[in-house]
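entry-v6.txt follows; it contains compact mmCIF, C-alpha atoms.
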# COMPACT_ATOMS: atom_id res chain seq x y z
CA MET G 1 0.00 0.00 0.00
CA ASP G 2 1.38 3.42 -0.94
CA ASN G 3 0.00 5.81 1.67
CA ALA G 4 1.21 8.88 -0.19
CA LEU G 5 -0.59 7.78 -3.35
CA ASN G 6 -3.77 6.97 -1.42
CA LYS G 7 -3.72 10.37 0.29
CA SER G 8 -3.17 12.10 -3.04
CA LEU G 9 -6.09 10.22 -4.58
CA ILE G 10 -8.39 11.00 -1.68
CA LYS G 11 -7.49 14.69 -1.82
CA ALA G 12 -7.83 14.82 -5.61
CA THR G 13 -11.19 13.04 -5.58
CA GLY G 14 -12.62 15.54 -3.12
CA GLU G 15 -11.27 18.51 -5.09
CA ILE G 16 -12.42 17.30 -8.49
CA LEU G 17 -15.88 16.21 -7.42
CA GLN G 18 -16.43 19.53 -5.67
CA SER G 19 -15.18 21.68 -8.54
CA MET G 20 -16.65 19.70 -11.45
CA ALA G 21 -19.86 18.34 -9.93
CA GLY G 22 -20.49 20.45 -6.84
CA ALA G 23 -20.51 17.23 -4.81
CA ASP G 24 -19.37 16.83 -1.23
CA VAL G 25 -17.39 13.69 -0.64
CA SER G 26 -16.15 11.83 2.41
CA CYS G 27 -13.75 8.92 2.55
CA LYS G 28 -13.16 6.18 5.10
CA PRO G 29 -9.54 5.31 5.97
CA PRO G 30 -8.01 3.18 3.20
CA ILE G 31 -7.94 -0.55 3.74
CA GLU G 32 -5.78 -3.17 2.11
CA LYS G 33 -7.24 -6.34 0.65
CA THR G 34 -5.99 -9.27 -1.37
CA ILE G 35 -6.59 -8.58 -5.04
CA ARG G 36 -9.72 -10.14 -6.47
CA ASP G 37 -12.04 -9.74 -9.45
CA THR G 38 -14.59 -7.00 -8.95
CA THR G 39 -17.77 -5.81 -10.55
CA SER G 40 -19.97 -2.77 -10.42
CA GLU G 41 -22.65 -1.17 -12.61
CA THR G 42 -20.01 1.32 -13.77
CA SER G 43 -16.25 0.76 -13.76
CA VAL G 44 -13.51 3.04 -15.05
CA ILE G 45 -9.95 1.79 -15.32
CA ILE G 46 -6.74 3.77 -15.75
CA THR G 47 -3.34 2.13 -15.76
CA PHE G 48 -0.09 3.93 -15.05
CA VAL G 49 3.60 3.24 -15.52
CA GLY G 50 6.72 4.98 -14.26
CA SER G 51 8.45 5.21 -10.89
CA ILE G 52 5.37 3.34 -9.68
CA SER G 53 3.11 1.25 -11.90
CA GLY G 54 -0.30 -0.31 -11.57
CA ALA G 55 -4.00 0.29 -12.13
CA ILE G 56 -6.68 2.46 -10.59
CA THR G 57 -10.33 1.47 -10.86
CA LEU G 58 -13.30 3.65 -10.01
CA LYS G 59 -16.57 1.85 -9.32
CA CYS G 60 -20.02 3.27 -8.73
CA SER G 61 -23.68 2.82 -9.59
CA LYS G 62 -25.05 4.02 -12.94
CA LYS G 63 -27.28 6.37 -10.99
CA LEU G 64 -24.32 8.09 -9.34
CA ALA G 65 -22.32 8.14 -12.57
CA SER G 66 -25.16 9.79 -14.47
CA MET G 67 -25.73 12.30 -11.65
CA ILE G 68 -22.04 13.28 -11.68
CA ALA G 69 -22.06 13.47 -15.49
CA SER G 70 -25.18 15.65 -15.43
CA GLN G 71 -23.52 18.06 -13.01
CA MET G 72 -20.31 18.14 -15.04
CA LEU G 73 -22.06 18.78 -18.33
CA GLY G 74 -24.87 20.99 -17.04
CA MET G 75 -27.55 18.85 -18.69
CA ASP G 76 -29.54 15.67 -17.98
CA VAL G 77 -27.41 12.63 -18.77
CA GLU G 78 -29.09 9.27 -19.22
CA GLU G 79 -27.80 6.29 -17.25
CA GLY G 80 -25.54 4.15 -19.41
CA SER G 81 -25.37 6.71 -22.24
CA ASP G 82 -22.19 7.57 -24.16
CA ASP G 83 -22.20 10.98 -22.48
CA MET G 84 -22.19 9.29 -19.08
CA LYS G 85 -19.35 6.96 -20.04
CA ASP G 86 -17.25 9.81 -21.47
CA ALA G 87 -17.84 12.03 -18.47
CA ILE G 88 -17.12 9.43 -15.80
CA GLY G 89 -13.99 8.41 -17.71
CA GLU G 90 -12.87 12.02 -17.82
CA LEU G 91 -13.63 12.32 -14.10
CA LEU G 92 -11.18 9.55 -13.23
CA ASN G 93 -8.70 11.00 -15.70
CA MET G 94 -8.83 14.33 -13.86
CA ILE G 95 -8.66 12.66 -10.44
CA VAL G 96 -5.57 10.64 -11.32
CA GLY G 97 -3.95 13.59 -13.11
CA THR G 98 -4.46 15.81 -10.07
CA ALA G 99 -3.37 13.06 -7.66
CA LYS G 100 -0.17 12.67 -9.70
CA ALA G 101 0.68 16.33 -9.09
CA HIS G 102 -0.05 16.01 -5.36
CA TYR G 103 1.91 12.75 -5.12
CA SER G 104 5.34 13.85 -6.24
CA SER G 105 7.36 16.96 -6.98
CA ASP G 106 9.00 15.01 -9.83
CA ALA G 107 8.09 16.46 -13.20
CA ASP G 108 6.43 13.23 -14.33
CA PRO G 109 6.41 10.43 -11.72
CA PHE G 110 4.31 8.19 -13.95
CA LYS G 111 2.40 8.26 -17.22
CA ILE G 112 -1.29 7.44 -17.23
CA SER G 113 -3.35 5.65 -19.84
CA ILE G 114 -6.59 6.88 -21.37
CA PRO G 115 -9.57 5.76 -19.28
CA THR G 116 -11.61 2.68 -20.14
CA THR G 117 -15.24 2.76 -19.01
CA ILE G 118 -17.41 -0.33 -18.66
CA VAL G 119 -21.12 -0.25 -17.92
CA GLY G 120 -23.24 -3.32 -17.34
CA GLU G 121 -24.60 -5.86 -14.94
CA ASP G 122 -22.79 -9.07 -15.83
CA TYR G 123 -19.04 -8.58 -16.05
CA THR G 124 -16.03 -8.71 -13.81
CA VAL G 125 -12.84 -6.66 -13.91
CA HIS G 126 -9.75 -8.82 -13.66
CA ILE G 127 -6.32 -7.24 -13.25
CA LYS G 128 -3.40 -9.49 -14.10
CA ALA G 129 -1.46 -9.81 -10.85
CA ASP G 130 0.05 -12.30 -8.47
CA PRO G 131 -2.85 -13.82 -6.49
CA ASN G 132 -1.22 -12.73 -3.22
CA ASP G 133 -0.87 -9.10 -4.33
CA THR G 134 -3.00 -6.53 -2.52
CA ILE G 135 -5.08 -3.53 -3.46
CA SER G 136 -5.94 -0.39 -1.52
CA LEU G 137 -9.64 0.26 -1.22
CA LEU G 138 -10.72 3.90 -0.97
CA ASP G 139 -14.36 3.95 0.04
CA PHE G 140 -16.11 7.26 -0.68
CA ARG G 141 -19.53 8.54 0.13
CA CYS G 142 -20.87 10.95 -2.48
CA ASN G 143 -24.36 12.48 -2.52
CA GLY G 144 -25.78 9.62 -0.46
CA ASP G 145 -24.26 6.95 -2.68
CA THR G 146 -21.03 4.99 -2.51
CA MET G 147 -18.10 5.20 -4.87
CA GLY G 148 -15.01 3.05 -4.61
CA ILE G 149 -11.50 3.61 -5.92
CA GLU G 150 -9.23 0.58 -5.95
CA VAL G 151 -5.49 1.03 -6.30
CA TYR G 152 -3.29 -1.81 -7.49
CA LEU G 153 0.49 -1.35 -7.40
CA GLN G 154 2.74 -3.78 -9.20
CA MET A 1 -28.15 56.59 -36.48
CA LYS A 2 -26.64 56.41 -32.99
CA SER A 3 -25.89 59.64 -31.17
CA ARG A 4 -22.47 60.34 -29.74
CA GLU A 5 -23.89 59.72 -26.25
CA ASP A 6 -25.33 56.38 -27.34
CA ILE A 7 -21.96 55.31 -28.75
CA VAL A 8 -20.09 56.36 -25.61
CA HIS A 9 -22.66 54.54 -23.48
CA MET A 10 -22.34 51.41 -25.62
CA LEU A 11 -18.56 51.45 -25.38
CA ASN A 12 -18.55 51.94 -21.62
CA LYS A 13 -21.40 49.73 -20.46
CA LYS A 14 -20.79 46.55 -18.47
CA ARG A 15 -21.22 43.54 -20.67
CA PRO A 16 -20.60 39.79 -20.44
CA GLY A 17 -16.93 38.95 -20.92
CA GLY A 18 -17.61 37.20 -24.19
CA LEU A 19 -18.87 40.31 -25.97
CA ASN A 20 -16.64 42.91 -27.55
CA LYS A 21 -17.22 46.67 -27.40
CA PHE A 22 -19.70 46.42 -30.22
CA ASP A 23 -21.68 43.72 -28.42
CA LYS A 24 -20.52 41.08 -30.85
CA PRO A 25 -19.46 37.74 -29.31
CA TYR A 26 -15.84 36.72 -29.46
CA ARG A 27 -15.46 33.46 -31.38
CA VAL A 28 -13.69 30.52 -29.75
CA LEU A 29 -12.39 27.28 -31.22
CA ILE A 30 -12.16 24.54 -28.55
CA VAL A 31 -9.69 21.72 -29.15
CA ASP A 32 -9.59 18.63 -26.94
CA ASP A 33 -9.85 14.91 -27.66
CA SER A 34 -12.31 14.57 -24.73
CA THR A 35 -15.93 15.31 -25.67
CA THR A 36 -16.64 15.95 -22.02
CA MET A 37 -13.87 18.50 -21.68
CA ARG A 38 -14.98 20.34 -24.84
CA ARG A 39 -18.53 20.49 -23.49
CA ILE A 40 -17.47 21.72 -20.06
CA ILE A 41 -15.27 24.49 -21.44
CA GLY A 42 -17.89 25.35 -24.05
CA GLN A 43 -20.56 25.75 -21.39
CA GLN A 44 -18.34 27.84 -19.21
CA LEU A 45 -17.58 30.22 -22.07
CA LYS A 46 -21.15 30.30 -23.41
CA SER A 47 -22.34 31.44 -20.00
CA GLU A 48 -20.28 34.61 -20.62
CA ALA A 49 -21.76 35.02 -24.11
CA TYR A 50 -18.78 33.69 -26.09
CA ASP A 51 -19.62 32.09 -29.41
CA ILE A 52 -18.17 28.57 -29.69
CA CYS A 53 -17.60 28.65 -33.43
CA GLY A 54 -16.06 25.19 -33.62
CA GLU A 55 -14.70 22.14 -31.83
CA ALA A 56 -11.84 19.86 -32.86
CA ALA A 57 -10.68 16.54 -31.42
CA ASP A 58 -7.09 16.53 -32.62
CA GLY A 59 -4.35 18.93 -33.72
CA GLU A 60 -4.76 18.37 -37.46
CA GLU A 61 -8.50 18.99 -37.29
CA ALA A 62 -7.76 22.08 -35.17
CA PHE A 63 -5.47 23.48 -37.86
CA GLN A 64 -8.00 22.88 -40.65
CA MET A 65 -10.79 24.44 -38.61
CA TYR A 66 -8.62 27.41 -37.68
CA LYS A 67 -8.02 28.20 -41.36
CA GLU A 68 -11.73 27.86 -42.13
CA LEU A 69 -13.22 29.65 -39.13
CA GLU A 70 -10.58 32.25 -38.17
CA PRO A 71 -11.59 32.28 -34.49
CA ASP A 72 -10.62 35.07 -32.12
CA VAL A 73 -9.06 32.62 -29.68
CA VAL A 74 -8.27 28.90 -29.46
CA THR A 75 -8.19 26.68 -26.37
CA LEU A 76 -5.84 23.82 -27.21
CA ASP A 77 -5.26 20.59 -25.31
CA ILE A 78 -1.76 19.12 -25.25
CA ASN A 79 -2.18 15.34 -25.43
CA MET A 80 -4.23 14.44 -28.47
CA PRO A 81 -4.09 11.77 -31.16
CA VAL A 82 -3.04 12.40 -34.80
CA MET A 83 -1.28 15.67 -33.89
CA ASP A 84 -0.58 16.87 -30.37
CA GLY A 85 -1.16 20.37 -29.06
CA ILE A 86 2.42 21.62 -29.38
CA GLU A 87 2.59 20.64 -33.06
CA ALA A 88 -0.83 22.13 -33.68
CA LEU A 89 0.27 25.34 -31.94
CA LYS A 90 3.30 25.64 -34.23
CA LYS A 91 1.27 24.86 -37.35
CA ILE A 92 -1.45 27.39 -36.55
CA LEU A 93 1.09 30.09 -35.72
CA ASP A 94 2.98 29.38 -38.96
CA TRP A 95 -0.32 30.05 -40.75
CA ASP A 96 -1.30 33.04 -38.62
CA LYS A 97 1.38 34.56 -36.42
CA GLU A 98 -1.29 36.68 -34.69
CA ALA A 99 -3.26 33.61 -33.54
CA ARG A 100 -4.27 33.75 -29.89
CA ILE A 101 -3.90 30.29 -28.39
CA LEU A 102 -4.35 29.16 -24.80
CA MET A 103 -3.02 25.72 -23.92
CA LEU A 104 -5.01 23.33 -21.72
CA THR A 105 -2.59 21.62 -19.39
CA SER A 106 -2.68 19.28 -16.42
CA GLU A 107 -1.04 19.91 -13.05
CA GLY A 108 2.67 19.22 -13.09
CA GLN A 109 3.26 20.01 -16.77
CA LYS A 110 5.55 22.99 -16.15
CA GLN A 111 8.03 22.09 -18.89
CA ILE A 112 5.25 21.69 -21.43
CA VAL A 113 3.89 25.09 -20.46
CA VAL A 114 7.35 26.61 -20.92
CA ASP A 115 7.66 24.93 -24.35
CA ALA A 116 4.24 26.14 -25.39
CA ILE A 117 4.83 29.74 -24.32
CA SER A 118 8.24 29.78 -26.00
CA ASN A 119 6.50 28.57 -29.17
CA GLY A 120 4.00 31.40 -29.09
CA ALA A 121 1.07 30.34 -26.89
CA LYS A 122 -0.44 33.31 -25.07
CA GLY A 123 -0.97 31.41 -21.82
CA HIS A 124 -2.39 28.25 -20.34
CA ILE A 125 -5.37 26.95 -18.37
CA VAL A 126 -4.79 24.16 -15.85
CA LYS A 127 -7.31 21.33 -15.79
CA PRO A 128 -9.77 20.72 -14.28
CA PRO A 129 -11.17 23.89 -15.83
CA ASN A 130 -12.62 26.35 -13.36
CA LYS A 131 -15.20 28.64 -14.98
CA ALA A 132 -13.87 31.89 -13.52
CA LYS A 133 -10.28 31.07 -14.45
CA VAL A 134 -11.19 29.94 -17.97
CA CYS A 135 -13.24 33.06 -18.67
CA ASN A 136 -10.65 35.39 -17.12
CA LYS A 137 -7.77 33.85 -19.08
CA VAL A 138 -9.64 33.99 -22.37
CA LYS A 139 -10.69 37.57 -21.70
CA SER A 140 -7.18 38.67 -20.79
CA VAL A 141 -5.75 37.14 -23.97
CA LEU A 142 -8.36 38.90 -26.07
CA GLU A 143 -7.79 42.24 -24.38
CA SER A 144 -4.00 42.15 -24.72
CA GLN A 145 -4.10 42.70 -28.48

Using structure tokens, write down the structure that the file contains.
Amino acid sequence: MDNALNKSLIKATGEILQSMAGADVSCKPPIEKTIRDTTSETSVIITFVGSISGAITLKCSKKLASMIASQMLGMDVEEGSDDMKDAIGELLNMIVGTAKAHYSSDADPFKISIPTTIVGEDYTVHIKADPNDTISLLDFRCNGDTMGIEVYLQ
Amino acid sequence: MKSREDIVHMLNKKRPGGLNKFDKPYRVLIVDDSTTMRRIIGQQLKSEAYDICGEAADGEEAFQMYKELEPDVVTLDINMPVMDGIEALKKILDWDKEARILMLTSEGQKQIVVDAISNGAKGHIVKPPNKAKVCNKVKSVLESQ
């Protein structure tokens, strides 16, 4: 578990959700769990490589994703629509980009991928890792709903 | 025909940032490979009466649209497919050395900002875009003619 990265992500998530969606966010203390396949109505995945490498996954309900997207875009966004997928992908992109700046004074501690957004009811997200590897779970509360960010470090 | 007083009043009255002294909207070309980002910036500027005359998703498209639309100002993302923002900046400025271009950057991209400014960008906006900062930066670039 990288406490500095977790702190940066928690700080960035609060900042971005407040500035882009006017949402207040709280986060429980991070916990570490053995890596396992996960699922959610909406998942966004960004991978990163550099002085540290791994993957960051955001998970939330379609309802929360469309609410955030609606606030970001200033219009009603339908659950599961392309607008929702684009917006929630961009949200994680901004969170990780901002967290990167908080994390290190190095000019470019790691490079991040474009976000991949998955929406559905019958899929799992599997990250290729040693079965004994762990992930950090950041459990947020946002507008009465839950949102999780999982951090896997190689 | 407007009287002298009417003209003076028109020139001095408070108006949304996106309107020039003749109450005509400034025209903005928004360039970013993210649809969401283009929409957010577009909305922020439209709320101040700017006219979003075009949107482009990569540097090459930005250059072609610049030639066609001749916008008053361009907001230009850095990381884009086909042609990135720095190359697009150079190409547009080769075409029109008076082009007013603001780069869209992320936190921690100081060197990129330095490169962009040294290549002729008029300034930069750090993502995530804050409405007040976006509008103020665009306005200041337009007013420093």

Dig up all the protein and nucleic acid residues within 7 Å of (-11.6, 2.1, -16.4) in the file frame, using only C-alpha atoms, and format them as an MDAnalysis selection string. chainID G and resid 43:46 57:58 89 115:118

Contact check, chain G to chain A, at most 8 Å, counting all atoms listed in the file, closest pairs as CSV:
residue,atom,partner,partner_atom,distance
G:Ile16,CA,A:Pro128,CA,7.2
G:Ser19,CA,A:Asn130,CA,7.2
G:Met20,CA,A:Pro128,CA,7.5
G:Met72,CA,A:Ile40,CA,6.8
G:Leu73,CA,A:Ile40,CA,5.7
G:Gly74,CA,A:Gln43,CA,7.8
G:Asp83,CA,A:Thr36,CA,7.5
G:Asp86,CA,A:Thr36,CA,6.2
G:Ala87,CA,A:Thr36,CA,5.4
G:Glu90,CA,A:Thr36,CA,6.9
G:Met94,CA,A:Pro128,CA,6.5
G:Gly97,CA,A:Ser106,CA,6.7
G:Thr98,CA,A:Glu107,CA,6.1
G:Lys100,CA,A:Gly108,CA,7.9
G:Ala101,CA,A:Gly108,CA,5.3
G:Ala107,CA,A:Gly108,CA,6.1
G:Asp108,CA,A:Gly108,CA,7.2

Every residue with an atom at most 10 Å from (-2.9, -8.4, -0.1) (file coordinates; all atoms listed in the file) is what I'm after, so could you write them as a VMD selection string? chain G and resid 1 32 to 36 130 to 136 152

I want to know what sits within 7 Å of Asp24 in chain G, based on all atoms listed in the file, with residues of the same chain fewer than 4 positions away left out; could you give that as a PDB file with C-alpha atoms, keeping the file's coordinate frame?
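Saved to out.pdb:
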ATOM      1  CA  GLN G  18     -16.430  19.530  -5.670  1.00  0.00           C
ATOM      2  CA  CYS G 142     -20.870  10.950  -2.480  1.00  0.00           C
ATOM      3  CA  ASN G 143     -24.360  12.480  -2.520  1.00  0.00           C
TER       4      ASN G 143
END

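If you look at CA of Glu98 in chain A and CA of Gly123 in chain A, they are 13.9 Å away from each other.
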
With only C-alpha atoms as the counted atoms, please give the residues lying no more than 9 Å from Lys122 in chain A, apart from itself and same-chain residues fewer than 2 positions off, as JSON, numbers by chain. {"A": [99, 100, 101, 102, 103, 116, 117, 120, 124, 141]}

Next, write the just-selected residues to a file, as a PDB file, keeping the file's coordinate frame, keeping C-alpha atoms as the atom set.
ATOM      1  CA  ALA A  99      -3.260  33.610 -33.540  1.00  0.00           C
ATOM      2  CA  ARG A 100      -4.270  33.750 -29.890  1.00  0.00           C
ATOM      3  CA  ILE A 101      -3.900  30.290 -28.390  1.00  0.00           C
ATOM      4  CA  LEU A 102      -4.350  29.160 -24.800  1.00  0.00           C
ATOM      5  CA  MET A 103      -3.020  25.720 -23.920  1.00  0.00           C
ATOM      6  CA  ALA A 116       4.240  26.140 -25.390  1.00  0.00           C
ATOM      7  CA  ILE A 117       4.830  29.740 -24.320  1.00  0.00           C
ATOM      8  CA  GLY A 120       4.000  31.400 -29.090  1.00  0.00           C
ATOM      9  CA  HIS A 124      -2.390  28.250 -20.340  1.00  0.00           C
ATOM     10  CA  VAL A 141      -5.750  37.140 -23.970  1.00  0.00           C
TER      11      VAL A 141
END
